[in-house]
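S.K.: Let me give you the structure first, and then I'll get to my questions.
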Amino acid sequence: SFIPIDFKTRGFPIKADSAGYYQNQLDCISLLLKENNYKNADFAYLCFFYPMEADGNLVQFGIEILRIKTDFKRAMKTLKDAVDLLKSNEPEPNPNCQFCKWRSGEK
């Protein structure tokens, strides 16, 4: 089986919600593998690298590896929602979206 793996660098150790920012990306990679007839696992790995200490030319990095459950069905829903949005006249503004508020002139 193919297992997606993604490497991330950051300036600080991971936080409790760090992996959530990459869920859609990993789900979409899983979908791409499936749709291209590659056998893939239902999980992926995120490898986070962050500097811990620097001494002259030497930088020590912390490494944290997370195993993330993936779901190609969730990615397919995202894809279908995107297609539906592109086919629609104009999306409804989201009251929680800062861009929607800016666009409508709301403060």
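Identifiers in this document derive from the order of the structure tokens: chains are assigned A, B, ..., residues are numbered from 1 separately in each chain, and ligands are numbered from 1 in order of occurrence.
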Which residues come within 9 Å of A:Gln60, counting only C-alpha atoms, excluding same-chain residues fewer than 6 positions away, as a ChimeraX atom specification?
M.R.: /A:50-54
S.K.: Put those residues in a file: C-alpha atoms, as a PDB file, in the first residue's frame.
M.R.:
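Final output, saved to part-v4.pdb:
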ATOM      1  CA  TYR A  50      11.333  22.694  13.970  1.00  0.00           C
ATOM      2  CA  PRO A  51      14.587  24.275  15.170  1.00  0.00           C
ATOM      3  CA  MET A  52      15.397  23.657  18.820  1.00  0.00           C
ATOM      4  CA  GLU A  53      18.890  25.033  19.202  1.00  0.00           C
ATOM      5  CA  ALA A  54      21.485  26.741  17.025  1.00  0.00           C
TER       6      ALA A  54
END
S.K.: When you count only C-alpha atoms, which of these residues is closest to A:Ile68: A:Glu106, A:Glu90, A:Glu35, A:Asp42?
M.R.: A:Asp42
S.K.: To one decimal in Å, tell me the separation between atom CA of A:Asp71 and atom CA of A:Asn40.
M.R.: 11.0 Å
S.K.: Which is closest to A:Leu26 among A:Arg10, A:Arg103, A:Lys80, A:Arg74, if we use only C-alpha atoms?
M.R.: A:Arg74
S.K.: Rounded to one decimal in Å, what is the spacing between atom CA of A:Pro4 and atom CA of A:Phe72?
M.R.: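 Separation between atom CA of A:Pro4 and atom CA of A:Phe72: 12.3 Å.
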S.K.: Run DSSP on the backbone and give me the residues of chain A it puts in strand (DSSP E), as a PyMOL selection string.
M.R.: chain A and resi 5-9+43-55+58-69
S.K.: Could those selected residues go to a file with N, CA and C atoms, as a short mmCIF file (atom, residue, chain, number, x, y, z; two decimals), in the first residue's frame?
M.R.:
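The resulting file, out_35.cif, is reproduced below:
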data_model
loop_
_atom_site.label_atom_id
_atom_site.label_comp_id
_atom_site.auth_asym_id
_atom_site.auth_seq_id
_atom_site.Cartn_x
_atom_site.Cartn_y
_atom_site.Cartn_z
N ILE A 5 2.92 10.84 2.83
CA ILE A 5 3.74 11.44 3.88
C ILE A 5 4.04 12.88 3.45
N ASP A 6 3.92 13.78 4.38
CA ASP A 6 4.17 15.18 4.07
C ASP A 6 5.10 15.74 5.14
N PHE A 7 6.05 16.53 4.72
CA PHE A 7 7.03 17.12 5.62
C PHE A 7 6.70 18.60 5.81
N LYS A 8 6.67 19.03 7.04
CA LYS A 8 6.36 20.42 7.37
C LYS A 8 7.48 20.99 8.23
N THR A 9 7.89 22.19 7.93
CA THR A 9 8.84 22.89 8.80
C THR A 9 8.11 24.06 9.42
N PHE A 43 -4.55 6.01 6.10
CA PHE A 43 -3.87 6.98 6.97
C PHE A 43 -2.69 7.56 6.21
N ALA A 44 -2.16 8.65 6.77
CA ALA A 44 -0.99 9.32 6.22
C ALA A 44 -0.10 9.75 7.38
N TYR A 45 1.10 10.17 7.05
CA TYR A 45 2.00 10.68 8.07
C TYR A 45 2.32 12.14 7.82
N LEU A 46 2.34 12.91 8.88
CA LEU A 46 2.83 14.29 8.86
C LEU A 46 4.10 14.32 9.69
N CYS A 47 5.17 14.80 9.09
CA CYS A 47 6.46 14.90 9.80
C CYS A 47 6.77 16.38 9.98
N PHE A 48 6.78 16.81 11.21
CA PHE A 48 7.06 18.21 11.54
C PHE A 48 8.51 18.35 11.99
N PHE A 49 9.20 19.33 11.44
CA PHE A 49 10.57 19.66 11.82
C PHE A 49 10.58 21.10 12.32
N TYR A 50 11.24 21.33 13.44
CA TYR A 50 11.33 22.69 13.97
C TYR A 50 12.68 22.87 14.69
N PRO A 51 13.29 24.05 14.54
CA PRO A 51 14.59 24.27 15.17
C PRO A 51 14.46 24.32 16.69
N MET A 52 15.40 23.65 17.35
CA MET A 52 15.40 23.66 18.82
C MET A 52 16.55 24.50 19.36
N GLU A 53 17.70 24.38 18.69
CA GLU A 53 18.89 25.03 19.20
C GLU A 53 19.84 25.28 18.04
N ALA A 54 20.49 26.43 18.05
CA ALA A 54 21.48 26.74 17.03
C ALA A 54 22.79 27.10 17.71
N ASP A 55 23.88 26.52 17.20
CA ASP A 55 25.20 26.79 17.75
C ASP A 55 26.18 26.88 16.59
N LEU A 58 25.68 24.72 13.36
CA LEU A 58 24.90 23.53 13.68
C LEU A 58 23.52 23.93 14.20
N VAL A 59 22.49 23.36 13.60
CA VAL A 59 21.12 23.58 14.07
C VAL A 59 20.53 22.22 14.43
N GLN A 60 20.04 22.11 15.64
CA GLN A 60 19.38 20.87 16.05
C GLN A 60 17.88 21.05 15.85
N PHE A 61 17.25 20.04 15.26
CA PHE A 61 15.82 20.09 14.99
C PHE A 61 15.07 19.09 15.84
N GLY A 62 13.91 19.51 16.29
CA GLY A 62 12.97 18.59 16.89
C GLY A 62 12.16 17.97 15.77
N ILE A 63 11.78 16.74 15.93
CA ILE A 63 11.00 16.04 14.91
C ILE A 63 9.81 15.38 15.59
N GLU A 64 8.63 15.64 15.05
CA GLU A 64 7.43 14.98 15.55
C GLU A 64 6.70 14.38 14.36
N ILE A 65 6.33 13.13 14.47
CA ILE A 65 5.64 12.43 13.39
C ILE A 65 4.25 12.03 13.88
N LEU A 66 3.25 12.43 13.11
CA LEU A 66 1.87 12.12 13.46
C LEU A 66 1.26 11.21 12.40
N ARG A 67 0.53 10.23 12.85
CA ARG A 67 -0.24 9.36 11.95
C ARG A 67 -1.65 9.93 11.92
N ILE A 68 -2.13 10.25 10.72
CA ILE A 68 -3.42 10.90 10.54
C ILE A 68 -4.34 9.99 9.74
N LYS A 69 -5.52 9.74 10.24
CA LYS A 69 -6.51 8.95 9.51
C LYS A 69 -7.01 9.79 8.33
#
S.K.: Using atom CA of A:Tyr21 and atom CA of A:Trp102 as the two end points, give the distance in Å to one decimal.
M.R.: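 Between these atoms lies a distance of 23.9 Å.
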S.K.: Determine which residues of chain A DSSP labels as alpha helix (DSSP H) from the backbone of this structure, then write them out as a PyMOL selection string.
M.R.: chain A and resi 23-35+72-87+98-104
S.K.: So that I have them on file, write out the residues from the current selection with C-alpha atoms, as a PDB file, in the first residue's frame.
M.R.:
ATOM      1  CA  GLN A  23      -6.514  17.082   6.954  1.00  0.00           C
ATOM      2  CA  ASN A  24      -8.077  18.150   3.659  1.00  0.00           C
ATOM      3  CA  GLN A  25      -4.719  17.993   1.887  1.00  0.00           C
ATOM      4  CA  LEU A  26      -4.068  14.456   3.119  1.00  0.00           C
ATOM      5  CA  ASP A  27      -7.623  13.367   2.289  1.00  0.00           C
ATOM      6  CA  CYS A  28      -7.171  14.697  -1.256  1.00  0.00           C
ATOM      7  CA  ILE A  29      -3.875  12.840  -1.687  1.00  0.00           C
ATOM      8  CA  SER A  30      -5.675   9.675  -0.587  1.00  0.00           C
ATOM      9  CA  LEU A  31      -8.409  10.334  -3.152  1.00  0.00           C
ATOM     10  CA  LEU A  32      -5.853  10.902  -5.917  1.00  0.00           C
ATOM     11  CA  LEU A  33      -4.150   7.618  -5.123  1.00  0.00           C
ATOM     12  CA  LYS A  34      -7.476   5.763  -5.107  1.00  0.00           C
ATOM     13  CA  GLU A  35      -8.691   7.314  -8.364  1.00  0.00           C
ATOM     14  CA  PHE A  72     -11.151   9.854   0.458  1.00  0.00           C
ATOM     15  CA  LYS A  73     -14.958  10.233   0.745  1.00  0.00           C
ATOM     16  CA  ARG A  74     -14.463  13.481   2.655  1.00  0.00           C
ATOM     17  CA  ALA A  75     -12.137  14.673  -0.135  1.00  0.00           C
ATOM     18  CA  MET A  76     -14.709  13.690  -2.766  1.00  0.00           C
ATOM     19  CA  LYS A  77     -17.332  15.761  -0.946  1.00  0.00           C
ATOM     20  CA  THR A  78     -14.941  18.735  -0.920  1.00  0.00           C
ATOM     21  CA  LEU A  79     -14.366  18.298  -4.646  1.00  0.00           C
ATOM     22  CA  LYS A  80     -18.079  18.021  -5.425  1.00  0.00           C
ATOM     23  CA  ASP A  81     -18.848  21.064  -3.260  1.00  0.00           C
ATOM     24  CA  ALA A  82     -16.185  23.041  -5.138  1.00  0.00           C
ATOM     25  CA  VAL A  83     -17.647  22.030  -8.517  1.00  0.00           C
ATOM     26  CA  ASP A  84     -21.161  22.951  -7.353  1.00  0.00           C
ATOM     27  CA  LEU A  85     -19.889  26.318  -6.145  1.00  0.00           C
ATOM     28  CA  LEU A  86     -18.176  27.026  -9.454  1.00  0.00           C
ATOM     29  CA  LYS A  87     -21.373  26.140 -11.332  1.00  0.00           C
ATOM     30  CA  GLN A  98     -13.806  38.136   7.115  1.00  0.00           C
ATOM     31  CA  PHE A  99     -13.526  38.395   3.297  1.00  0.00           C
ATOM     32  CA  CYS A 100     -17.333  38.228   2.898  1.00  0.00           C
ATOM     33  CA  LYS A 101     -17.713  41.005   5.465  1.00  0.00           C
ATOM     34  CA  TRP A 102     -15.060  43.104   3.725  1.00  0.00           C
ATOM     35  CA  ARG A 103     -16.648  42.530   0.306  1.00  0.00           C
ATOM     36  CA  SER A 104     -20.088  43.622   1.499  1.00  0.00           C
TER      37      SER A 104
END
